[in-house]
Amino acid sequence: MTISWGNIEKILTYGNMFQQGLIVTVLLALCTVFFGFFLAFGLALMLLSDVRPFRYLEKVKTDDINKKKRNDFIAKFNPVKLIANCYVQFVRCTPMLVQIFLVYYIVFGFITLPKFTFFGFIQFERFFPAAVALALNSGGYMSAVIRGGIEGVDNGQTEAARSLGMSKAQTMYHIILPQAIKNILPAVANEFVTIIKESSICYTIGVQDIMFNVKSVQSATFIIAEPLLMATFLYFCLCFPTSKIIEYVERRMRQSDNR
Amino acid sequence: MTTDNTALIKVRDLKKHYNYGAIKALDGINIDINKGDVMVVIGPSGSGKSTFLRSLNLLEEPTDGSIVFDGRDIVNEKINLDEFRERMGMVFQHFNLFPHKTILENLTLAPQIVKGKSKEEAEKKALELLDRVGLKDRASAYPVQLSGGQKQRVAIVRALCMDPEVMLFDEPTSALDPEMVGEVLEVMKELAKDGMTMVCVTHEMGFAREVGNRVVFMADGNIIEEGTPEKIFDHPESPRLKDFLGKVLEA
Ligand SMILES: Nc1ncnc2c1ncn2[C@@H]1O[C@H](COP(=O)(O)OP(=O)(O)O)[C@@H](O)[C@H]1O
Ligand SMILES: [Mg+2]
């Protein structure tokens with residue numbers, strides 16, 4: 001297989017398609033990270049929650065140490081955390097492609113979405129399931145990052161706040177989250193870069209992203225290599241500057257910590 | 001030990017165990033803290049001083065025993081912990097100022113969101129107290145811009161802004177450079193003079209002797225000896241205390 005200028009010129013006449021694919025990819029990644037963030041935030045709060053229906057067992061006084069250990073074990077049981085944990089494990093331990101198919105063919109096989117296009121070329125009934133599937137996946141991964149960011153704030157901050165009489169929720173909102181956000185935001189921005197790349201498998205359910213248009217151009221022109229190179233170039237041009245900008249902002253934020 | 005019924009805080013048989021009793025951080029503490037007491041807690045590292053202090057405002061949940069504060073058993077009764085915690089101020093070894101807030105915001109946040117004070121009211125009080133510790137001109141600075149001694153003075157003021165009935169100090173000068181210890185102790189001395197009830201864990205024996213009216217010596221999670229500064233420093237009885245004093249006073 002050879003790569004020729006002639007072929008490149010030929011596929012450049014399909015520039016319009018690549019441009020549309022580019023927009024779909026970016027839009028898909030933006031939607032994913034936006035909704036994924038809220039999901040991740042909710043999951044992180046669930047993972048950090050202290051909902052323990054049997055906590056009273058901790059207080060039961062007994063001289064039998066084995067009974068005490070058993071009671072403490074049951075007292076640790078936290079159903080909210082368990083649900084969040086199961087979800088995260090499901091997301092991490094099944095392939096993304098399978099998750100996308102599950103959402104598209106099974107979930108949205110039952111729920112019929114309205115068929116319409118927006119921006120003139122994006123098919124809602126394909127775009128939406130893809131965004132949902134990606135957000136469900138990305139939220140699972142990001143929840144660990146958000147939890148880490150919250151746990152990374154010095155415990156002395158919580159103690160100081162609680163000793164002043166602030167409630168758990170007030171401490172979280174006024175003291176912990178504003179400090180945790182500095183740990184979290186760069187990771188969320190990096191997730192955007194990751195999703196730009198990973199969303200490329202959404203062409204399998206017909207979302208007209210960059211990859212989908214590569215396939216289209218390939219079958220229209222019978223040129224195989226050059227459209228792929230074009231896609232490579234586009235993905236790189238999206239991801240490289242974005243991650244450099246994130247790096248720069250992150251560095252600046254760290255410097256301002258030492259103001 | 002006093003069995004005075006007017007004691008502000010009555011600690012009875014307070015225990016804090018870790019690993020099912022393998023570690024006994026507190027092993028049955030009994031003490032009464034009266035209104036206006038300046039109680040200094042001394043003892044070797046790991047003797048349970050911090051655990052004791054942190055149990056008093058339930059930052060640490062005791063394994064057993066009771067703490068009666070103003071007539072209510074805060075360990076065993078169902079109480080609103082937050083309401084009760086705002087009545088006890090706490091000052092930490094590492095200041096724990098909120099780094100994302102200015103000094104003034106550090107001081108006015110809790111009075112506003114916990115006590116429901118207006119911003120003006122909270123700021124007026126904060127500036128008044130800041131002035132008393134000589135830091136009024138730093139109100140709009142951020143914690144990182146202050147020296148250790150200044151940070152600790154702000155931390156004390158932050159607790160005072162809540163009008164606490166008791167102030168707990170956990171080694172407030174241990175993280176400071178030597179030349180800054182004095183300015184913090186001076187603020188604490190002023191507080192004591194104003195009649196504040198204080199419990200101070202400290203290694204500053206000069207402060208203990210001069211400002212404290214009671215000194216408590218702890219070792220291995222127990223109170224070994226308790227009494228006036230004269231009794232503890234000039235006429236120690238237990239060998240543990242004599243040994244401890246020998247080590248700290250020669251240093
Ligand atoms: N979370 C914990 N788990 C296990 N042991 C602990 C924990 N916290 C404190 N301890 C133990 O409790 C004892 C008392 O600690 P602490 O109250 O900090 O002593 P002090 O303040 O007098 O130096 C120490 O032996 C310490 O190792
Ligand atoms: Mg300590």
# chains A, B, ... in the order shown; residues from 1 in each chain; ligands from 1

call {"tool": "closest_atom_pairs", "arguments": {"of": "chain B", "to": "ligand 2", "cutoff": "12 Å", "atoms": "only C-alpha atoms and all ligand atoms", "output": "tab-separated table"}}
result
residue	atom	partner	partner_atom_place_in_ligand_line	distance
B:Ala25	CA	ligand 2	1 (Mg)	11.0
B:Val41	CA	ligand 2	1 (Mg)	10.6
B:Ile42	CA	ligand 2	1 (Mg)	10.1
B:Gly43	CA	ligand 2	1 (Mg)	9.7
B:Pro44	CA	ligand 2	1 (Mg)	9.2
B:Ser45	CA	ligand 2	1 (Mg)	6.6
B:Gly46	CA	ligand 2	1 (Mg)	6.8
B:Ser47	CA	ligand 2	1 (Mg)	8.2
B:Gly48	CA	ligand 2	1 (Mg)	7.1
B:Lys49	CA	ligand 2	1 (Mg)	5.7
B:Ser50	CA	ligand 2	1 (Mg)	4.2
B:Thr51	CA	ligand 2	1 (Mg)	7.3
B:Phe52	CA	ligand 2	1 (Mg)	9.3
B:Leu53	CA	ligand 2	1 (Mg)	9.0
B:Arg54	CA	ligand 2	1 (Mg)	9.7
B:Phe92	CA	ligand 2	1 (Mg)	9.7
B:Gln93	CA	ligand 2	1 (Mg)	8.4
B:His94	CA	ligand 2	1 (Mg)	11.2
B:Phe169	CA	ligand 2	1 (Mg)	10.4
B:Asp170	CA	ligand 2	1 (Mg)	6.7
B:Glu171	CA	ligand 2	1 (Mg)	6.9
B:Pro172	CA	ligand 2	1 (Mg)	10.3
B:Thr173	CA	ligand 2	1 (Mg)	11.9
B:Ser174	CA	ligand 2	1 (Mg)	9.7
B:Ala175	CA	ligand 2	1 (Mg)	11.6
B:Cys200	CA	ligand 2	1 (Mg)	11.1
B:Val201	CA	ligand 2	1 (Mg)	7.8
B:Thr202	CA	ligand 2	1 (Mg)	9.1
B:His203	CA	ligand 2	1 (Mg)	10.5
B:Met218	CA	ligand 2	1 (Mg)	11.6
B:Gly221	CA	ligand 2	1 (Mg)	12.0

call {"tool": "residues_around", "arguments": {"residues": "Ile11 in chain A", "least_positions_apart": "5", "cutoff": "9 Å", "atoms": "only C-alpha atoms", "output": "list in words"}}
result
Gly6, Val217, Gln218, Thr221, Ile223, Glu226, Pro227 and Met230 of chain A

call {"tool": "closest_atom_pairs", "arguments": {"of": "chain B", "to": "chain A", "cutoff": "10 Å", "atoms": "only C-alpha atoms", "output": "CSV"}}
result
residue,atom,partner,partner_atom,distance
B:Asn19,CA,A:Lys69,CA,9.8
B:Tyr20,CA,A:Ile65,CA,7.4
B:Gly21,CA,A:Ile65,CA,9.6
B:Arg54,CA,A:Ser163,CA,9.5
B:Asn57,CA,A:Ser163,CA,7.3
B:Leu58,CA,A:Ser163,CA,8.9
B:Leu59,CA,A:Glu159,CA,7.0
B:Thr63,CA,A:Lys59,CA,8.2
B:Asp64,CA,A:Lys59,CA,9.0
B:Asn76,CA,A:Lys59,CA,9.7
B:Leu81,CA,A:Gly165,CA,7.9
B:Asp82,CA,A:Gly165,CA,4.5
B:Glu83,CA,A:Gly165,CA,6.2
B:Phe84,CA,A:Gly165,CA,7.4
B:Arg85,CA,A:Gly165,CA,5.0
B:Glu86,CA,A:Gly165,CA,4.3
B:Arg87,CA,A:Gly165,CA,8.0
B:Met88,CA,A:Ser163,CA,7.4
B:Gly89,CA,A:Ser163,CA,6.6
B:Met90,CA,A:Ser163,CA,6.3
B:Val91,CA,A:Ala160,CA,8.1
B:Phe92,CA,A:Ala160,CA,7.9
B:Gln93,CA,A:Gly156,CA,9.8
B:His94,CA,A:Gly156,CA,8.0
B:Phe95,CA,A:Gly156,CA,8.5
B:Asn96,CA,A:Gly156,CA,5.6
B:Leu97,CA,A:Gln157,CA,7.3
B:Phe98,CA,A:Gln157,CA,6.8
B:Pro99,CA,A:Gln179,CA,8.3
B:His100,CA,A:Gln179,CA,6.9
B:Lys101,CA,A:Ile175,CA,9.1
B:Leu109,CA,A:His174,CA,8.6
B:Ala110,CA,A:Leu164,CA,6.4
B:Pro111,CA,A:Leu164,CA,8.7
B:Ile113,CA,A:Met166,CA,7.6
B:Val114,CA,A:Met166,CA,6.0
B:Lys115,CA,A:Gly165,CA,8.9
B:Tyr142,CA,A:Arg259,CA,8.4
B:Pro143,CA,A:Arg259,CA,9.8
B:Val144,CA,A:Arg259,CA,7.0
B:Gln145,CA,A:Arg259,CA,7.3
B:Ala155,CA,A:Ala160,CA,9.3
B:Arg158,CA,A:Leu164,CA,8.5
B:Ala159,CA,A:Leu164,CA,6.7
B:Leu160,CA,A:Leu164,CA,9.7
B:Cys161,CA,A:Leu164,CA,9.4
B:Met162,CA,A:Leu164,CA,7.3
B:Pro164,CA,A:Leu164,CA,9.3

call {"tool": "write_last_selection", "arguments": {"atoms": "N, CA and C atoms", "output": "compact mmCIF listing (two decimals), in the first residue's frame"}}
result
# COMPACT_ATOMS: atom_id res chain seq x y z
N ASN B 19 -7.64 -1.25 68.30
CA ASN B 19 -7.37 -2.68 68.07
C ASN B 19 -7.88 -3.54 69.22
N TYR B 20 -9.13 -3.33 69.59
CA TYR B 20 -9.77 -4.15 70.62
C TYR B 20 -8.96 -4.22 71.91
N GLY B 21 -8.47 -3.07 72.32
CA GLY B 21 -7.81 -3.01 73.62
C GLY B 21 -6.31 -3.24 73.57
N ARG B 54 -8.94 15.67 72.41
CA ARG B 54 -9.83 15.49 71.27
C ARG B 54 -11.10 14.75 71.65
N ASN B 57 -14.07 17.26 72.94
CA ASN B 57 -15.09 17.79 72.01
C ASN B 57 -15.48 16.74 70.96
N LEU B 58 -15.24 15.50 71.31
CA LEU B 58 -15.69 14.35 70.52
C LEU B 58 -15.20 14.35 69.07
N LEU B 59 -14.02 14.94 68.85
CA LEU B 59 -13.36 14.70 67.56
C LEU B 59 -12.94 13.25 67.53
N THR B 63 -14.27 5.01 73.63
CA THR B 63 -14.73 3.63 73.65
C THR B 63 -15.71 3.42 74.80
N ASP B 64 -15.46 4.12 75.90
CA ASP B 64 -16.28 3.91 77.09
C ASP B 64 -16.14 5.12 78.01
N ASN B 76 -22.99 9.64 75.87
CA ASN B 76 -24.03 8.61 75.85
C ASN B 76 -25.43 9.13 75.53
N LEU B 81 -24.32 17.24 68.21
CA LEU B 81 -22.87 17.43 68.38
C LEU B 81 -22.40 18.79 67.93
N ASP B 82 -22.96 19.28 66.82
CA ASP B 82 -22.48 20.55 66.27
C ASP B 82 -22.79 21.71 67.20
N GLU B 83 -23.99 21.66 67.79
CA GLU B 83 -24.37 22.73 68.71
C GLU B 83 -23.46 22.76 69.92
N PHE B 84 -23.07 21.56 70.32
CA PHE B 84 -22.24 21.49 71.51
C PHE B 84 -20.78 21.85 71.20
N ARG B 85 -20.34 21.47 69.99
CA ARG B 85 -18.94 21.76 69.64
C ARG B 85 -18.67 23.25 69.52
N GLU B 86 -19.69 24.02 69.11
CA GLU B 86 -19.43 25.45 68.97
C GLU B 86 -19.20 26.11 70.32
N ARG B 87 -19.52 25.40 71.41
CA ARG B 87 -19.29 25.98 72.73
C ARG B 87 -17.89 25.68 73.24
N MET B 88 -17.13 24.87 72.49
CA MET B 88 -15.75 24.56 72.86
C MET B 88 -14.83 24.96 71.72
N GLY B 89 -13.89 25.84 71.98
CA GLY B 89 -12.94 26.22 70.94
C GLY B 89 -11.75 25.27 70.98
N MET B 90 -11.13 25.05 69.81
CA MET B 90 -9.95 24.18 69.81
C MET B 90 -8.85 24.80 68.96
N VAL B 91 -7.64 24.73 69.49
CA VAL B 91 -6.47 25.25 68.78
C VAL B 91 -5.51 24.08 68.57
N PHE B 92 -5.06 23.93 67.32
CA PHE B 92 -4.27 22.75 66.95
C PHE B 92 -2.79 23.09 66.82
N GLN B 93 -1.98 22.05 66.91
CA GLN B 93 -0.54 22.23 66.77
C GLN B 93 -0.20 22.84 65.41
N HIS B 94 -0.89 22.39 64.36
CA HIS B 94 -0.56 22.86 63.01
C HIS B 94 -1.55 23.90 62.50
N PHE B 95 -2.11 24.65 63.38
CA PHE B 95 -2.98 25.82 63.09
C PHE B 95 -4.28 25.46 62.38
N ASN B 96 -4.14 24.71 61.26
CA ASN B 96 -5.31 24.33 60.47
C ASN B 96 -6.18 25.51 60.06
N LEU B 97 -5.54 26.60 59.68
CA LEU B 97 -6.30 27.70 59.09
C LEU B 97 -6.79 27.25 57.72
N PHE B 98 -7.86 27.88 57.22
CA PHE B 98 -8.39 27.52 55.91
C PHE B 98 -7.60 28.28 54.84
N PRO B 99 -6.75 27.59 54.06
CA PRO B 99 -5.80 28.29 53.18
C PRO B 99 -6.46 29.05 52.04
N HIS B 100 -7.70 28.67 51.69
CA HIS B 100 -8.35 29.31 50.54
C HIS B 100 -9.15 30.54 50.96
N LYS B 101 -9.07 30.89 52.23
CA LYS B 101 -9.83 32.04 52.71
C LYS B 101 -8.89 33.05 53.36
N LEU B 109 -16.42 33.02 58.96
CA LEU B 109 -17.22 31.98 58.31
C LEU B 109 -18.13 31.26 59.32
N ALA B 110 -17.52 30.67 60.34
CA ALA B 110 -18.32 29.88 61.28
C ALA B 110 -19.35 30.73 62.03
N PRO B 111 -19.00 31.93 62.53
CA PRO B 111 -20.04 32.73 63.18
C PRO B 111 -21.24 32.98 62.27
N ILE B 113 -22.23 31.02 59.40
CA ILE B 113 -23.01 29.86 58.96
C ILE B 113 -23.45 28.97 60.12
N VAL B 114 -22.76 29.05 61.25
CA VAL B 114 -23.16 28.22 62.39
C VAL B 114 -24.05 29.00 63.34
N LYS B 115 -23.62 30.23 63.66
CA LYS B 115 -24.40 31.01 64.63
C LYS B 115 -25.42 31.93 63.98
N TYR B 142 -3.77 36.21 53.21
CA TYR B 142 -4.07 34.78 53.23
C TYR B 142 -3.14 34.10 54.23
N PRO B 143 -3.56 32.96 54.79
CA PRO B 143 -2.74 32.29 55.80
C PRO B 143 -1.28 32.08 55.39
N VAL B 144 -1.03 31.72 54.11
CA VAL B 144 0.37 31.46 53.71
C VAL B 144 1.26 32.68 53.86
N GLN B 145 0.64 33.86 53.91
CA GLN B 145 1.44 35.08 53.99
C GLN B 145 1.85 35.41 55.43
N ALA B 155 -5.49 31.54 64.65
CA ALA B 155 -6.26 30.33 64.97
C ALA B 155 -6.95 30.48 66.33
N ARG B 158 -9.82 32.73 65.82
CA ARG B 158 -10.90 32.06 65.10
C ARG B 158 -11.81 31.29 66.06
N ALA B 159 -11.17 30.61 67.02
CA ALA B 159 -11.97 29.88 68.00
C ALA B 159 -12.74 30.85 68.89
N LEU B 160 -12.10 31.97 69.25
CA LEU B 160 -12.74 32.93 70.15
C LEU B 160 -13.95 33.61 69.52
N CYS B 161 -13.92 33.73 68.20
CA CYS B 161 -15.03 34.39 67.49
C CYS B 161 -16.35 33.66 67.71
N MET B 162 -16.29 32.39 68.15
CA MET B 162 -17.51 31.64 68.39
C MET B 162 -18.00 31.78 69.84
N PRO B 164 -16.65 30.76 72.76
CA PRO B 164 -16.68 29.45 73.42
C PRO B 164 -16.64 29.60 74.94

call {"tool": "atom_distance", "arguments": {"atom1": "CA of Glu247 in chain A", "atom2": "CA of Ser199 in chain A"}}
result
22.2 Å

call {"tool": "atom_distance", "arguments": {"atom1": "atom 20 (P, counted along the ligand's line) of ligand 1", "atom2": "CA of Ser147 in chain B"}}
result
25.2 Å

call {"tool": "atom_distance", "arguments": {"atom1": "CA of Asp131 in chain B", "atom2": "CA of Gly116 in chain B"}}
result
23.1 Å

call {"tool": "select_by_dssp", "arguments": {"residues": "range 10-246 of chain A", "states": "alpha helix (DSSP H)", "output": "MDAnalysis selection string"}}
result
chainID A and resid 10:12 15:47 56:59 65:75 79:92 96:101 108:110 124:151 155:163 168:170 177:198 210:221 225:246

call {"tool": "residues_around", "arguments": {"residues": "Gly212 in chain B", "least_positions_apart": "6", "cutoff": "8 Å", "atoms": "only C-alpha atoms", "output": "JSON list (two decimals) with N, CA, C and O atoms, in the first residue's frame"}}
result
[["chain", "number", "residue", "atom", "x", "y", "z"],
["B", 37, "ASP", "N", -10.93, 27.40, 85.27],
["B", 37, "ASP", "CA", -9.70, 26.63, 85.40],
["B", 37, "ASP", "C", -8.76, 26.89, 84.23],
["B", 37, "ASP", "O", -9.21, 27.00, 83.08],
["B", 38, "VAL", "N", -7.47, 26.97, 84.52],
["B", 38, "VAL", "CA", -6.48, 26.88, 83.46],
["B", 38, "VAL", "C", -5.71, 25.60, 83.75],
["B", 38, "VAL", "O", -4.82, 25.56, 84.60],
["B", 39, "MET", "N", -6.13, 24.54, 83.08],
["B", 39, "MET", "CA", -5.57, 23.23, 83.36],
["B", 39, "MET", "C", -4.49, 22.93, 82.33],
["B", 39, "MET", "O", -4.75, 22.98, 81.12],
["B", 40, "VAL", "N", -3.30, 22.64, 82.80],
["B", 40, "VAL", "CA", -2.21, 22.32, 81.89],
["B", 40, "VAL", "C", -1.96, 20.82, 81.95],
["B", 40, "VAL", "O", -1.83, 20.25, 83.03],
["B", 228, "THR", "N", -1.70, 21.55, 92.06],
["B", 228, "THR", "CA", -1.26, 22.90, 91.73],
["B", 228, "THR", "C", 0.11, 22.82, 91.10],
["B", 228, "THR", "O", 0.83, 21.83, 91.27],
["B", 229, "PRO", "N", 0.49, 23.87, 90.34],
["B", 229, "PRO", "CA", 1.83, 23.87, 89.76],
["B", 229, "PRO", "C", 2.92, 23.66, 90.81],
["B", 229, "PRO", "O", 3.88, 22.92, 90.55]]

call {"tool": "residues_around", "arguments": {"residues": "Lys10 in chain B", "least_positions_apart": "5", "cutoff": "6 Å", "atoms": "only C-alpha atoms", "output": "PyMOL selection string"}}
result
chain B and resi 32+67-68

call {"tool": "residues_around", "arguments": {"residues": "range 28-37 of chain A", "least_positions_apart": "3", "cutoff": "8 Å", "atoms": "only C-alpha atoms", "output": "count of residues only"}}
result
22

call {"tool": "residues_around", "arguments": {"residues": "Gly134 in chain B", "least_positions_apart": "2", "cutoff": "10 Å", "atoms": "only C-alpha atoms", "output": "list of chain:residue names"}}
result
B:Glu128, B:Leu129, B:Leu130, B:Asp131, B:Arg132, B:Lys136, B:Asp137, B:Arg138, B:Gln150, B:Arg153, B:Val154, B:Val187

call {"tool": "closest_residue", "arguments": {"among": "B:Gln152, B:Thr6, B:Ser55, B:Asn34", "to": "ligand 1", "atoms": "only C-alpha atoms and all ligand atoms"}}
result
B:Ser55

call {"tool": "residues_around", "arguments": {"residues": "Gly149 in chain B", "least_positions_apart": "6", "cutoff": "7 Å", "atoms": "only C-alpha atoms", "output": "list in words"}}
result
Leu176, Met180, Val181, Glu183 and Val184 of chain B

call {"tool": "write_last_selection", "arguments": {"atoms": "N, CA, C and O atoms", "output": "CSV table (one decimal), in the first residue's frame"}}
result
chain,number,residue,atom,x,y,z
B,176,LEU,N,6.2,25.8,66.3
B,176,LEU,CA,6.7,27.2,66.0
B,176,LEU,C,8.2,27.3,66.2
B,176,LEU,O,8.8,26.5,67.0
B,180,MET,N,9.0,32.6,68.1
B,180,MET,CA,7.6,32.9,68.0
B,180,MET,C,6.7,32.3,69.1
B,180,MET,O,5.5,32.6,69.2
B,181,VAL,N,7.4,31.5,70.0
B,181,VAL,CA,6.6,30.9,71.0
B,181,VAL,C,6.0,31.9,72.0
B,181,VAL,O,4.8,31.8,72.4
B,183,GLU,N,5.0,35.1,71.6
B,183,GLU,CA,3.9,35.9,71.2
B,183,GLU,C,2.6,35.1,71.4
B,183,GLU,O,1.5,35.6,71.7
B,184,VAL,N,2.6,33.7,71.2
B,184,VAL,CA,1.4,32.9,71.3
B,184,VAL,C,1.1,32.7,72.8
B,184,VAL,O,-0.1,32.8,73.2

call {"tool": "select_by_dssp", "arguments": {"residues": "range 134-213 of chain B", "states": "strand (DSSP E)", "output": "number ranges by chain"}}
result
B: 166-170, 197-201
